[in-house]
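Visitor: To start, I am sharing the structure in question, which I have written as structure tokens.
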Amino acid sequence: MSERDLLMIPGPVEFDPEVMRALGAKTASHVSPEFIAVFGRALQRLREVCLAPSAQPFVVAGSGTWAMEMAVANLVEPGERALVVNTGYFSDRMASLLERYGAEVVQARASPGEVPDSAEVERLLAGGRFKLMTVTHVDTSTGVLAPAEALVRAAHRHGVLSVVDGVCATAGETFHQDAWGADVYLTASQKALGVPPGLALLSVSRRAMDSWRARRTPVRSLYADFAEWLPIMEAYETGRAAYFATPPVNLVYALEVSLGQLLREGMEARFERHRRMAGAFRAAWRALGLRTLPASESVAAHTLSALYFPEGVDATWVGKVREQGVVLAGGLHPQLKTRYFRVGHMNVVSPGDVLATVGAIERALAVAGHRIAPGSAVAAAQAALLPPG
């Protein structure tokens with residue numbers, strides 16, 4: 001990959017230079033006063049980013065899948081029932097994790113590109129005796145945006161814990177954890193949070209922490225157990241040294257910087273910027289006649305686009321876009337993997353990035369013999385980016 005290539009995949013994404021400088025700083029001791037202060041600020045800022053001042057944050061070395069596993073390991077005991085609102089590949093993964101930990105799993109499913117029927121989810125919640133419900137806020141495989149607020153509120157009405165996978169959504173899609181009553185909002189560092197891969201992050205409500213404390217059986221995984229991590233998080237946040245496992249010091253440096261940038265931008269402003277960039281991309285897709293995998297704009301994410309290849313173009317075409325200086329991702333959903341591609345547009349994505357990406361896609365389609373009016377998609381995106389009036 002050339003250093004000049006623009007990385008527009010659904011994670012890892014392009015990172016701010018200040019974040020990368022923090023990543024490359026001289027490594028300190030993980031129990032030094034300097035690092036303790038940085039980690040403490042990162043935990044406090046994670047609460048603010050999740051809009052969850054009452055929640056308990058966890059920052060642990062690992063991937064988004066590890067954040068998923070931590071939520072499941074601590075909140076589910078063998079024989080308990082879990083409802084998975086399934087919108088794609090990562091919902092399937094959540095179901096597999098739940099089954100590994102002994103849960104009886106029921107799934108509310110939909111065709112790829114759609115979300116499960118809300119009335120069916122409500123019916124299941126009302127009569128299912130579920131311990132928890134999981135929702136993938138944005139499924140990275142399909143680009144589908146789940147109606148997280150409505151689902152979380154429905155779970156709360158029925159006394160069911162809600163676990164929301166925000167790996168491809170946190171800090172890019174609107175989410176108000178405390179106001180909506182979500183019990184766990186989990187994510188990873190490498191997408192809209194704007195930090196290189198390697199951190200699993202969770203924001204856990206008091207209700208979920210109480211549920212964990214009331215467990216009848218030990219957590220099966222030592223590394224996942226809140227009992228091991230909670231004293232560490234509490235110590236760092238109150239300025240004290242503690243140890244369970246060595247934290248990834250430089251990633252925490254980078255996280256503290258990135259979260260500070262997010263909060264300076266403002267969460268509502270950040271959500272709006274992601275909506276605006278997504279709107280410009282959607283205008284370009286319409287101009288190119290490309291069909292999105294999400295069935296409608298109402299269920300389409302603002303952090304990535306998933307698009308079917310046009311007629312006469314196959315998966316090798318993604319390499320043609322790379323020749324134009326932009327790196328895109330192929331398909332991931334097993335039923336459709338060779339039929340579509342994905343464009344990530346989150347974190348520091350700017351109008352210039354949008355126009356560069358759309359231009360590269362236009363040129364690559366022309367090289368592949370796809371008939372388009374040169375510049376039409378770039379013009380459509382540009383028009384969408386201009387302020388009203």
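Residue numbering restarts at 1 for every chain of the structure tokens, chains are lettered A, B, ... in their displayed order, and ligands are numbered from 1 as they appear.
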Do you know which residues are at most 12 Å from Met233 (chain A) counting only C-alpha atoms, after dropping those on the same chain fewer than 5 positions away, and could you put them as a PDB file with all heavy atoms, in the first residue's frame?
Guide:
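Heads up, here's the output in selection-v2.pdb:
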ATOM      1  N   ILE A  36      -0.874   6.744  34.725  1.00  0.00           N
ATOM      2  CA  ILE A  36      -2.114   6.640  35.502  1.00  0.00           C
ATOM      3  C   ILE A  36      -3.024   7.835  35.202  1.00  0.00           C
ATOM      4  O   ILE A  36      -4.233   7.673  35.019  1.00  0.00           O
ATOM      5  CB  ILE A  36      -1.799   6.551  37.006  1.00  0.00           C
ATOM      6  CG1 ILE A  36      -1.125   5.216  37.317  1.00  0.00           C
ATOM      7  CG2 ILE A  36      -3.077   6.696  37.844  1.00  0.00           C
ATOM      8  CD1 ILE A  36      -0.529   5.149  38.710  1.00  0.00           C
ATOM      9  N   ALA A  37      -2.452   9.017  35.100  1.00  0.00           N
ATOM     10  CA  ALA A  37      -3.257  10.212  34.800  1.00  0.00           C
ATOM     11  C   ALA A  37      -3.875  10.125  33.404  1.00  0.00           C
ATOM     12  O   ALA A  37      -5.051  10.467  33.211  1.00  0.00           O
ATOM     13  CB  ALA A  37      -2.384  11.457  34.924  1.00  0.00           C
ATOM     14  N   PHE A  39      -4.549   7.355  31.648  1.00  0.00           N
ATOM     15  CA  PHE A  39      -5.565   6.300  31.631  1.00  0.00           C
ATOM     16  C   PHE A  39      -6.840   6.790  32.350  1.00  0.00           C
ATOM     17  O   PHE A  39      -7.961   6.556  31.892  1.00  0.00           O
ATOM     18  CB  PHE A  39      -5.030   5.040  32.301  1.00  0.00           C
ATOM     19  CG  PHE A  39      -5.689   3.760  31.848  1.00  0.00           C
ATOM     20  CD1 PHE A  39      -5.033   2.541  31.996  1.00  0.00           C
ATOM     21  CD2 PHE A  39      -6.960   3.737  31.282  1.00  0.00           C
ATOM     22  CE1 PHE A  39      -5.608   1.351  31.587  1.00  0.00           C
ATOM     23  CE2 PHE A  39      -7.549   2.544  30.869  1.00  0.00           C
ATOM     24  CZ  PHE A  39      -6.881   1.356  31.028  1.00  0.00           C
ATOM     25  N   GLY A  40      -6.654   7.478  33.454  1.00  0.00           N
ATOM     26  CA  GLY A  40      -7.812   8.001  34.168  1.00  0.00           C
ATOM     27  C   GLY A  40      -8.626   8.955  33.321  1.00  0.00           C
ATOM     28  O   GLY A  40      -9.867   8.890  33.294  1.00  0.00           O
ATOM     29  N   ARG A  41      -7.949   9.850  32.591  1.00  0.00           N
ATOM     30  CA  ARG A  41      -8.665  10.778  31.702  1.00  0.00           C
ATOM     31  C   ARG A  41      -9.375  10.022  30.576  1.00  0.00           C
ATOM     32  O   ARG A  41     -10.498  10.371  30.187  1.00  0.00           O
ATOM     33  CB  ARG A  41      -7.709  11.810  31.117  1.00  0.00           C
ATOM     34  CG  ARG A  41      -7.320  12.912  32.085  1.00  0.00           C
ATOM     35  CD  ARG A  41      -6.661  14.073  31.362  1.00  0.00           C
ATOM     36  NE  ARG A  41      -5.429  13.696  30.687  1.00  0.00           N
ATOM     37  CZ  ARG A  41      -4.228  13.706  31.264  1.00  0.00           C
ATOM     38  NH1 ARG A  41      -4.100  14.056  32.537  1.00  0.00           N
ATOM     39  NH2 ARG A  41      -3.146  13.382  30.559  1.00  0.00           N
ATOM     40  N   ALA A  42      -8.720   8.987  30.045  1.00  0.00           N
ATOM     41  CA  ALA A  42      -9.344   8.212  28.966  1.00  0.00           C
ATOM     42  C   ALA A  42     -10.643   7.567  29.445  1.00  0.00           C
ATOM     43  O   ALA A  42     -11.654   7.567  28.730  1.00  0.00           O
ATOM     44  CB  ALA A  42      -8.374   7.147  28.458  1.00  0.00           C
ATOM     45  N   LEU A  43     -10.651   7.022  30.647  1.00  0.00           N
ATOM     46  CA  LEU A  43     -11.863   6.404  31.187  1.00  0.00           C
ATOM     47  C   LEU A  43     -12.968   7.439  31.371  1.00  0.00           C
ATOM     48  O   LEU A  43     -14.133   7.194  31.017  1.00  0.00           O
ATOM     49  CB  LEU A  43     -11.540   5.710  32.508  1.00  0.00           C
ATOM     50  CG  LEU A  43     -10.640   4.471  32.402  1.00  0.00           C
ATOM     51  CD1 LEU A  43     -10.117   4.071  33.779  1.00  0.00           C
ATOM     52  CD2 LEU A  43     -11.377   3.307  31.750  1.00  0.00           C
ATOM     53  N   GLN A  44     -12.619   8.587  31.906  1.00  0.00           N
ATOM     54  CA  GLN A  44     -13.619   9.641  32.087  1.00  0.00           C
ATOM     55  C   GLN A  44     -14.172  10.111  30.745  1.00  0.00           C
ATOM     56  O   GLN A  44     -15.379  10.335  30.596  1.00  0.00           O
ATOM     57  CB  GLN A  44     -12.997  10.803  32.853  1.00  0.00           C
ATOM     58  CG  GLN A  44     -12.646  10.471  34.301  1.00  0.00           C
ATOM     59  CD  GLN A  44     -11.668  11.458  34.917  1.00  0.00           C
ATOM     60  OE1 GLN A  44     -11.298  12.463  34.303  1.00  0.00           O
ATOM     61  NE2 GLN A  44     -11.213  11.160  36.130  1.00  0.00           N
ATOM     62  N   GLN A  56     -20.008   2.340  34.012  1.00  0.00           N
ATOM     63  CA  GLN A  56     -18.641   1.928  34.348  1.00  0.00           C
ATOM     64  C   GLN A  56     -17.887   1.619  33.056  1.00  0.00           C
ATOM     65  O   GLN A  56     -18.248   0.708  32.322  1.00  0.00           O
ATOM     66  CB  GLN A  56     -18.646   0.684  35.235  1.00  0.00           C
ATOM     67  CG  GLN A  56     -17.266   0.093  35.488  1.00  0.00           C
ATOM     68  CD  GLN A  56     -16.326   1.068  36.184  1.00  0.00           C
ATOM     69  OE1 GLN A  56     -16.655   1.633  37.218  1.00  0.00           O
ATOM     70  NE2 GLN A  56     -15.151   1.293  35.604  1.00  0.00           N
ATOM     71  N   PRO A  57     -16.820   2.379  32.749  1.00  0.00           N
ATOM     72  CA  PRO A  57     -16.046   2.081  31.534  1.00  0.00           C
ATOM     73  C   PRO A  57     -14.983   1.016  31.782  1.00  0.00           C
ATOM     74  O   PRO A  57     -14.429   0.913  32.878  1.00  0.00           O
ATOM     75  CB  PRO A  57     -15.394   3.426  31.205  1.00  0.00           C
ATOM     76  CG  PRO A  57     -15.257   4.110  32.535  1.00  0.00           C
ATOM     77  CD  PRO A  57     -16.384   3.623  33.404  1.00  0.00           C
ATOM     78  N   PHE A  58     -14.735   0.225  30.739  1.00  0.00           N
ATOM     79  CA  PHE A  58     -13.642  -0.742  30.735  1.00  0.00           C
ATOM     80  C   PHE A  58     -12.835  -0.521  29.456  1.00  0.00           C
ATOM     81  O   PHE A  58     -13.413  -0.433  28.361  1.00  0.00           O
ATOM     82  CB  PHE A  58     -14.154  -2.184  30.745  1.00  0.00           C
ATOM     83  CG  PHE A  58     -14.840  -2.598  32.024  1.00  0.00           C
ATOM     84  CD1 PHE A  58     -16.198  -2.384  32.199  1.00  0.00           C
ATOM     85  CD2 PHE A  58     -14.124  -3.223  33.039  1.00  0.00           C
ATOM     86  CE1 PHE A  58     -16.834  -2.771  33.377  1.00  0.00           C
ATOM     87  CE2 PHE A  58     -14.752  -3.614  34.215  1.00  0.00           C
ATOM     88  CZ  PHE A  58     -16.116  -3.390  34.391  1.00  0.00           C
ATOM     89  N   VAL A  59     -11.528  -0.465  29.578  1.00  0.00           N
ATOM     90  CA  VAL A  59     -10.620  -0.362  28.432  1.00  0.00           C
ATOM     91  C   VAL A  59      -9.596  -1.474  28.588  1.00  0.00           C
ATOM     92  O   VAL A  59      -8.803  -1.477  29.539  1.00  0.00           O
ATOM     93  CB  VAL A  59      -9.932   1.014  28.372  1.00  0.00           C
ATOM     94  CG1 VAL A  59      -8.905   1.046  27.246  1.00  0.00           C
ATOM     95  CG2 VAL A  59     -10.966   2.122  28.195  1.00  0.00           C
ATOM     96  N   VAL A  60      -9.613  -2.434  27.669  1.00  0.00           N
ATOM     97  CA  VAL A  60      -8.826  -3.661  27.803  1.00  0.00           C
ATOM     98  C   VAL A  60      -8.150  -3.962  26.465  1.00  0.00           C
ATOM     99  O   VAL A  60      -8.728  -3.712  25.398  1.00  0.00           O
ATOM    100  CB  VAL A  60      -9.743  -4.841  28.213  1.00  0.00           C
ATOM    101  CG1 VAL A  60      -8.963  -6.149  28.289  1.00  0.00           C
ATOM    102  CG2 VAL A  60     -10.414  -4.552  29.555  1.00  0.00           C
ATOM    103  N   LEU A 201     -13.403  -1.857  24.249  1.00  0.00           N
ATOM    104  CA  LEU A 201     -13.951  -0.878  25.186  1.00  0.00           C
ATOM    105  C   LEU A 201     -15.417  -1.197  25.474  1.00  0.00           C
ATOM    106  O   LEU A 201     -16.179  -1.537  24.557  1.00  0.00           O
ATOM    107  CB  LEU A 201     -13.830   0.539  24.618  1.00  0.00           C
ATOM    108  CG  LEU A 201     -12.429   0.953  24.146  1.00  0.00           C
ATOM    109  CD1 LEU A 201     -12.311   0.800  22.624  1.00  0.00           C
ATOM    110  CD2 LEU A 201     -12.110   2.391  24.520  1.00  0.00           C
ATOM    111  N   LEU A 202     -15.794  -1.063  26.732  1.00  0.00           N
ATOM    112  CA  LEU A 202     -17.181  -1.278  27.139  1.00  0.00           C
ATOM    113  C   LEU A 202     -17.602  -0.169  28.088  1.00  0.00           C
ATOM    114  O   LEU A 202     -16.802   0.309  28.911  1.00  0.00           O
ATOM    115  CB  LEU A 202     -17.374  -2.617  27.849  1.00  0.00           C
ATOM    116  CG  LEU A 202     -17.010  -3.899  27.111  1.00  0.00           C
ATOM    117  CD1 LEU A 202     -15.573  -4.303  27.419  1.00  0.00           C
ATOM    118  CD2 LEU A 202     -17.963  -5.030  27.468  1.00  0.00           C
ATOM    119  N   SER A 203     -18.857   0.221  27.977  1.00  0.00           N
ATOM    120  CA  SER A 203     -19.486   1.151  28.912  1.00  0.00           C
ATOM    121  C   SER A 203     -20.689   0.407  29.481  1.00  0.00           C
ATOM    122  O   SER A 203     -21.625   0.079  28.752  1.00  0.00           O
ATOM    123  CB  SER A 203     -19.911   2.422  28.159  1.00  0.00           C
ATOM    124  OG  SER A 203     -20.565   3.318  29.024  1.00  0.00           O
ATOM    125  N   PHE A 226     -15.101  -9.273  34.889  1.00  0.00           N
ATOM    126  CA  PHE A 226     -15.156  -7.925  35.448  1.00  0.00           C
ATOM    127  C   PHE A 226     -14.478  -7.864  36.812  1.00  0.00           C
ATOM    128  O   PHE A 226     -13.933  -6.830  37.193  1.00  0.00           O
ATOM    129  CB  PHE A 226     -16.612  -7.471  35.605  1.00  0.00           C
ATOM    130  CG  PHE A 226     -17.311  -7.087  34.329  1.00  0.00           C
ATOM    131  CD1 PHE A 226     -18.685  -6.871  34.325  1.00  0.00           C
ATOM    132  CD2 PHE A 226     -16.620  -6.917  33.137  1.00  0.00           C
ATOM    133  CE1 PHE A 226     -19.349  -6.503  33.171  1.00  0.00           C
ATOM    134  CE2 PHE A 226     -17.277  -6.552  31.971  1.00  0.00           C
ATOM    135  CZ  PHE A 226     -18.649  -6.343  31.990  1.00  0.00           C
ATOM    136  N   ALA A 227     -14.525  -8.966  37.561  1.00  0.00           N
ATOM    137  CA  ALA A 227     -13.928  -8.974  38.902  1.00  0.00           C
ATOM    138  C   ALA A 227     -12.433  -8.685  38.860  1.00  0.00           C
ATOM    139  O   ALA A 227     -11.872  -8.122  39.816  1.00  0.00           O
ATOM    140  CB  ALA A 227     -14.186 -10.324  39.580  1.00  0.00           C
ATOM    141  N   GLU A 228     -11.779  -9.064  37.778  1.00  0.00           N
ATOM    142  CA  GLU A 228     -10.351  -8.787  37.631  1.00  0.00           C
ATOM    143  C   GLU A 228     -10.095  -7.361  37.159  1.00  0.00           C
ATOM    144  O   GLU A 228      -9.109  -6.732  37.558  1.00  0.00           O
ATOM    145  CB  GLU A 228      -9.713  -9.773  36.644  1.00  0.00           C
ATOM    146  CG  GLU A 228      -9.896 -11.243  37.017  1.00  0.00           C
ATOM    147  CD  GLU A 228      -9.180 -11.621  38.294  1.00  0.00           C
ATOM    148  OE1 GLU A 228      -8.293 -10.868  38.744  1.00  0.00           O
ATOM    149  OE2 GLU A 228      -9.521 -12.687  38.850  1.00  0.00           O
ATOM    150  N   THR A 238      -9.076   6.918  39.819  1.00  0.00           N
ATOM    151  CA  THR A 238      -8.874   7.691  41.046  1.00  0.00           C
ATOM    152  C   THR A 238      -7.397   7.991  41.310  1.00  0.00           C
ATOM    153  O   THR A 238      -7.026   8.415  42.401  1.00  0.00           O
ATOM    154  CB  THR A 238      -9.477   6.946  42.254  1.00  0.00           C
ATOM    155  OG1 THR A 238      -8.929   5.622  42.329  1.00  0.00           O
ATOM    156  CG2 THR A 238     -10.985   6.851  42.119  1.00  0.00           C
ATOM    157  N   GLY A 239      -6.554   7.743  40.291  1.00  0.00           N
ATOM    158  CA  GLY A 239      -5.164   8.149  40.378  1.00  0.00           C
ATOM    159  C   GLY A 239      -4.259   7.210  41.133  1.00  0.00           C
ATOM    160  O   GLY A 239      -3.201   7.615  41.640  1.00  0.00           O
ATOM    161  N   ARG A 240      -4.617   5.932  41.205  1.00  0.00           N
ATOM    162  CA  ARG A 240      -3.801   4.953  41.937  1.00  0.00           C
ATOM    163  C   ARG A 240      -3.265   3.886  40.989  1.00  0.00           C
ATOM    164  O   ARG A 240      -3.891   3.564  39.981  1.00  0.00           O
ATOM    165  CB  ARG A 240      -4.646   4.276  43.026  1.00  0.00           C
ATOM    166  CG  ARG A 240      -5.116   5.209  44.127  1.00  0.00           C
ATOM    167  CD  ARG A 240      -5.981   4.474  45.154  1.00  0.00           C
ATOM    168  NE  ARG A 240      -7.290   4.113  44.610  1.00  0.00           N
ATOM    169  CZ  ARG A 240      -7.677   2.867  44.362  1.00  0.00           C
ATOM    170  NH1 ARG A 240      -6.845   1.847  44.586  1.00  0.00           N
ATOM    171  NH2 ARG A 240      -8.882   2.632  43.883  1.00  0.00           N
ATOM    172  N   ALA A 241      -2.139   3.328  41.337  1.00  0.00           N
ATOM    173  CA  ALA A 241      -1.564   2.238  40.548  1.00  0.00           C
ATOM    174  C   ALA A 241      -2.258   0.925  40.884  1.00  0.00           C
ATOM    175  O   ALA A 241      -2.654   0.691  42.031  1.00  0.00           O
ATOM    176  CB  ALA A 241      -0.080   2.117  40.838  1.00  0.00           C
ATOM    177  N   ALA A 242      -2.428   0.073  39.883  1.00  0.00           N
ATOM    178  CA  ALA A 242      -3.006  -1.260  40.086  1.00  0.00           C
ATOM    179  C   ALA A 242      -2.537  -2.141  38.942  1.00  0.00           C
ATOM    180  O   ALA A 242      -2.142  -1.656  37.880  1.00  0.00           O
ATOM    181  CB  ALA A 242      -4.524  -1.194  40.127  1.00  0.00           C
ATOM    182  N   TYR A 243      -2.611  -3.456  39.173  1.00  0.00           N
ATOM    183  CA  TYR A 243      -2.132  -4.371  38.135  1.00  0.00           C
ATOM    184  C   TYR A 243      -2.969  -5.646  38.101  1.00  0.00           C
ATOM    185  O   TYR A 243      -3.242  -6.249  39.138  1.00  0.00           O
ATOM    186  CB  TYR A 243      -0.665  -4.760  38.378  1.00  0.00           C
ATOM    187  CG  TYR A 243      -0.193  -5.836  37.433  1.00  0.00           C
ATOM    188  CD1 TYR A 243       0.102  -5.536  36.113  1.00  0.00           C
ATOM    189  CD2 TYR A 243      -0.103  -7.161  37.855  1.00  0.00           C
ATOM    190  CE1 TYR A 243       0.492  -6.531  35.218  1.00  0.00           C
ATOM    191  CE2 TYR A 243       0.298  -8.160  36.980  1.00  0.00           C
ATOM    192  CZ  TYR A 243       0.585  -7.837  35.659  1.00  0.00           C
ATOM    193  OH  TYR A 243       0.964  -8.811  34.797  1.00  0.00           O
ATOM    194  N   PHE A 244      -3.386  -6.004  36.899  1.00  0.00           N
ATOM    195  CA  PHE A 244      -3.892  -7.354  36.634  1.00  0.00           C
ATOM    196  C   PHE A 244      -3.167  -7.916  35.420  1.00  0.00           C
ATOM    197  O   PHE A 244      -2.585  -8.983  35.455  1.00  0.00           O
ATOM    198  CB  PHE A 244      -5.404  -7.355  36.417  1.00  0.00           C
ATOM    199  CG  PHE A 244      -5.918  -8.646  35.843  1.00  0.00           C
ATOM    200  CD1 PHE A 244      -5.697  -9.855  36.503  1.00  0.00           C
ATOM    201  CD2 PHE A 244      -6.592  -8.677  34.626  1.00  0.00           C
ATOM    202  CE1 PHE A 244      -6.139 -11.061  35.969  1.00  0.00           C
ATOM    203  CE2 PHE A 244      -7.042  -9.876  34.091  1.00  0.00           C
ATOM    204  CZ  PHE A 244      -6.818 -11.070  34.753  1.00  0.00           C
ATOM    205  N   ALA A 245      -3.218  -7.197  34.308  1.00  0.00           N
ATOM    206  CA  ALA A 245      -2.465  -7.552  33.103  1.00  0.00           C
ATOM    207  C   ALA A 245      -1.957  -6.249  32.505  1.00  0.00           C
ATOM    208  O   ALA A 245      -2.619  -5.218  32.587  1.00  0.00           O
ATOM    209  CB  ALA A 245      -3.360  -8.295  32.112  1.00  0.00           C
ATOM    210  N   PRO A 247      -1.417  -3.162  30.519  1.00  0.00           N
ATOM    211  CA  PRO A 247      -2.207  -2.485  29.489  1.00  0.00           C
ATOM    212  C   PRO A 247      -1.333  -2.082  28.304  1.00  0.00           C
ATOM    213  O   PRO A 247      -0.118  -1.921  28.458  1.00  0.00           O
ATOM    214  CB  PRO A 247      -2.746  -1.255  30.216  1.00  0.00           C
ATOM    215  CG  PRO A 247      -1.734  -0.975  31.276  1.00  0.00           C
ATOM    216  CD  PRO A 247      -1.193  -2.314  31.700  1.00  0.00           C
TER     217      PRO A 247
END
Visitor: As a ChimeraX atom specification, list the residues of region 305-386 of chain A assigned to helix (DSSP H, G or I) by DSSP on the backbone atoms of this structure.
Guide: /A:317-323,337-339,351-367,376-385
Visitor: As a ChimeraX atom specification, please: every residue in region 262-332 of chain A that DSSP puts in strand (DSSP E or B).
Guide: /A:292,300,304-308,326-327,329-330
Visitor: For the residues in the current selection, export all heavy atoms as a PDB file, in the first residue's frame.
Guide:
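Generated file (part38.pdb):
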ATOM      1  N   THR A 292     -27.504  -0.027  -3.155  1.00  0.00           N
ATOM      2  CA  THR A 292     -26.962  -0.312  -1.835  1.00  0.00           C
ATOM      3  C   THR A 292     -27.492  -1.634  -1.308  1.00  0.00           C
ATOM      4  O   THR A 292     -28.619  -2.037  -1.612  1.00  0.00           O
ATOM      5  CB  THR A 292     -27.323   0.796  -0.839  1.00  0.00           C
ATOM      6  OG1 THR A 292     -28.746   0.873  -0.691  1.00  0.00           O
ATOM      7  CG2 THR A 292     -26.786   2.137  -1.301  1.00  0.00           C
ATOM      8  N   ALA A 300     -29.724   2.460   6.484  1.00  0.00           N
ATOM      9  CA  ALA A 300     -28.351   2.529   5.977  1.00  0.00           C
ATOM     10  C   ALA A 300     -27.471   3.283   6.966  1.00  0.00           C
ATOM     11  O   ALA A 300     -27.829   4.371   7.439  1.00  0.00           O
ATOM     12  CB  ALA A 300     -28.317   3.218   4.618  1.00  0.00           C
ATOM     13  N   LEU A 304     -20.445   3.631   6.996  1.00  0.00           N
ATOM     14  CA  LEU A 304     -19.959   2.918   5.814  1.00  0.00           C
ATOM     15  C   LEU A 304     -21.080   2.737   4.820  1.00  0.00           C
ATOM     16  O   LEU A 304     -22.262   2.861   5.168  1.00  0.00           O
ATOM     17  CB  LEU A 304     -19.376   1.547   6.167  1.00  0.00           C
ATOM     18  CG  LEU A 304     -20.346   0.390   6.383  1.00  0.00           C
ATOM     19  CD1 LEU A 304     -19.694  -0.935   6.024  1.00  0.00           C
ATOM     20  CD2 LEU A 304     -20.830   0.332   7.817  1.00  0.00           C
ATOM     21  N   SER A 305     -20.706   2.438   3.587  1.00  0.00           N
ATOM     22  CA  SER A 305     -21.660   2.085   2.540  1.00  0.00           C
ATOM     23  C   SER A 305     -21.334   0.680   2.046  1.00  0.00           C
ATOM     24  O   SER A 305     -20.161   0.325   1.884  1.00  0.00           O
ATOM     25  CB  SER A 305     -21.560   3.057   1.354  1.00  0.00           C
ATOM     26  OG  SER A 305     -21.904   4.367   1.722  1.00  0.00           O
ATOM     27  N   ALA A 306     -22.377  -0.112   1.816  1.00  0.00           N
ATOM     28  CA  ALA A 306     -22.229  -1.438   1.209  1.00  0.00           C
ATOM     29  C   ALA A 306     -23.009  -1.403  -0.099  1.00  0.00           C
ATOM     30  O   ALA A 306     -24.208  -1.107  -0.104  1.00  0.00           O
ATOM     31  CB  ALA A 306     -22.775  -2.517   2.139  1.00  0.00           C
ATOM     32  N   LEU A 307     -22.338  -1.699  -1.211  1.00  0.00           N
ATOM     33  CA  LEU A 307     -22.895  -1.480  -2.545  1.00  0.00           C
ATOM     34  C   LEU A 307     -22.692  -2.695  -3.431  1.00  0.00           C
ATOM     35  O   LEU A 307     -21.603  -3.266  -3.471  1.00  0.00           O
ATOM     36  CB  LEU A 307     -22.216  -0.267  -3.196  1.00  0.00           C
ATOM     37  CG  LEU A 307     -22.309   1.027  -2.389  1.00  0.00           C
ATOM     38  CD1 LEU A 307     -21.024   1.804  -2.487  1.00  0.00           C
ATOM     39  CD2 LEU A 307     -23.488   1.851  -2.873  1.00  0.00           C
ATOM     40  N   TYR A 308     -23.744  -3.063  -4.136  1.00  0.00           N
ATOM     41  CA  TYR A 308     -23.630  -4.160  -5.101  1.00  0.00           C
ATOM     42  C   TYR A 308     -22.789  -3.710  -6.297  1.00  0.00           C
ATOM     43  O   TYR A 308     -22.868  -2.556  -6.737  1.00  0.00           O
ATOM     44  CB  TYR A 308     -25.009  -4.592  -5.585  1.00  0.00           C
ATOM     45  CG  TYR A 308     -25.804  -5.356  -4.551  1.00  0.00           C
ATOM     46  CD1 TYR A 308     -26.869  -4.748  -3.883  1.00  0.00           C
ATOM     47  CD2 TYR A 308     -25.503  -6.678  -4.250  1.00  0.00           C
ATOM     48  CE1 TYR A 308     -27.607  -5.444  -2.933  1.00  0.00           C
ATOM     49  CE2 TYR A 308     -26.231  -7.383  -3.301  1.00  0.00           C
ATOM     50  CZ  TYR A 308     -27.285  -6.762  -2.646  1.00  0.00           C
ATOM     51  OH  TYR A 308     -27.999  -7.454  -1.703  1.00  0.00           O
ATOM     52  N   VAL A 326      -7.216   4.766  -3.908  1.00  0.00           N
ATOM     53  CA  VAL A 326      -8.147   4.632  -2.790  1.00  0.00           C
ATOM     54  C   VAL A 326      -8.344   3.148  -2.492  1.00  0.00           C
ATOM     55  O   VAL A 326      -8.578   2.350  -3.398  1.00  0.00           O
ATOM     56  CB  VAL A 326      -9.506   5.298  -3.093  1.00  0.00           C
ATOM     57  CG1 VAL A 326     -10.501   5.039  -1.970  1.00  0.00           C
ATOM     58  CG2 VAL A 326      -9.324   6.802  -3.292  1.00  0.00           C
ATOM     59  N   VAL A 327      -8.254   2.788  -1.222  1.00  0.00           N
ATOM     60  CA  VAL A 327      -8.397   1.394  -0.798  1.00  0.00           C
ATOM     61  C   VAL A 327      -9.807   1.179  -0.263  1.00  0.00           C
ATOM     62  O   VAL A 327     -10.223   1.823   0.705  1.00  0.00           O
ATOM     63  CB  VAL A 327      -7.365   1.023   0.288  1.00  0.00           C
ATOM     64  CG1 VAL A 327      -7.512  -0.443   0.691  1.00  0.00           C
ATOM     65  CG2 VAL A 327      -5.953   1.317  -0.204  1.00  0.00           C
ATOM     66  N   ALA A 329     -12.983  -2.009   0.571  1.00  0.00           N
ATOM     67  CA  ALA A 329     -13.089  -3.372   1.098  1.00  0.00           C
ATOM     68  C   ALA A 329     -14.052  -4.182   0.244  1.00  0.00           C
ATOM     69  O   ALA A 329     -15.045  -3.652  -0.286  1.00  0.00           O
ATOM     70  CB  ALA A 329     -13.570  -3.353   2.544  1.00  0.00           C
ATOM     71  N   GLY A 330     -13.770  -5.464   0.131  1.00  0.00           N
ATOM     72  CA  GLY A 330     -14.704  -6.368  -0.530  1.00  0.00           C
ATOM     73  C   GLY A 330     -15.855  -6.727   0.389  1.00  0.00           C
ATOM     74  O   GLY A 330     -15.996  -6.211   1.496  1.00  0.00           O
TER      75      GLY A 330
END
Visitor: Find the residues near Leu23 (chain A): any atom within 7 Å, counting only C-alpha atoms, skip ones fewer than 3 places away on the same chain, and give them as a list in words.
Guide: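 Counting only C-alpha atoms, the residues come to Val19, Met20, Asn250, Leu251, Tyr253 and Ala254 of chain A.
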Visitor: Using Å and a single decimal, report how far CA of Met277 (chain A) sits from CA of Ser350 (chain A).
Guide: 7.3 Å
Visitor: If you count only C-alpha atoms, which residues fall within 8 Å of Leu75 (chain A), apart from same-chain ones fewer than 5 positions away, as a short mmCIF file (atom, residue, chain, number, x, y, z; two decimals) with N, CA and C atoms, in the first residue's frame?
Guide:
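What landed in out.cif:
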data_model
loop_
_atom_site.label_atom_id
_atom_site.label_comp_id
_atom_site.auth_asym_id
_atom_site.auth_seq_id
_atom_site.Cartn_x
_atom_site.Cartn_y
_atom_site.Cartn_z
N ALA A 208 -26.52 -3.42 34.74
CA ALA A 208 -25.76 -4.58 34.26
C ALA A 208 -24.69 -4.98 35.27
N SER A 211 -26.37 -6.95 37.87
CA SER A 211 -26.66 -8.29 37.37
C SER A 211 -25.42 -9.17 37.44
N TRP A 212 -24.27 -8.60 37.07
CA TRP A 212 -23.02 -9.36 37.17
C TRP A 212 -22.72 -9.74 38.62
N ARG A 215 -24.46 -12.91 39.97
CA ARG A 215 -24.23 -14.21 39.32
C ARG A 215 -24.20 -15.34 40.35
#
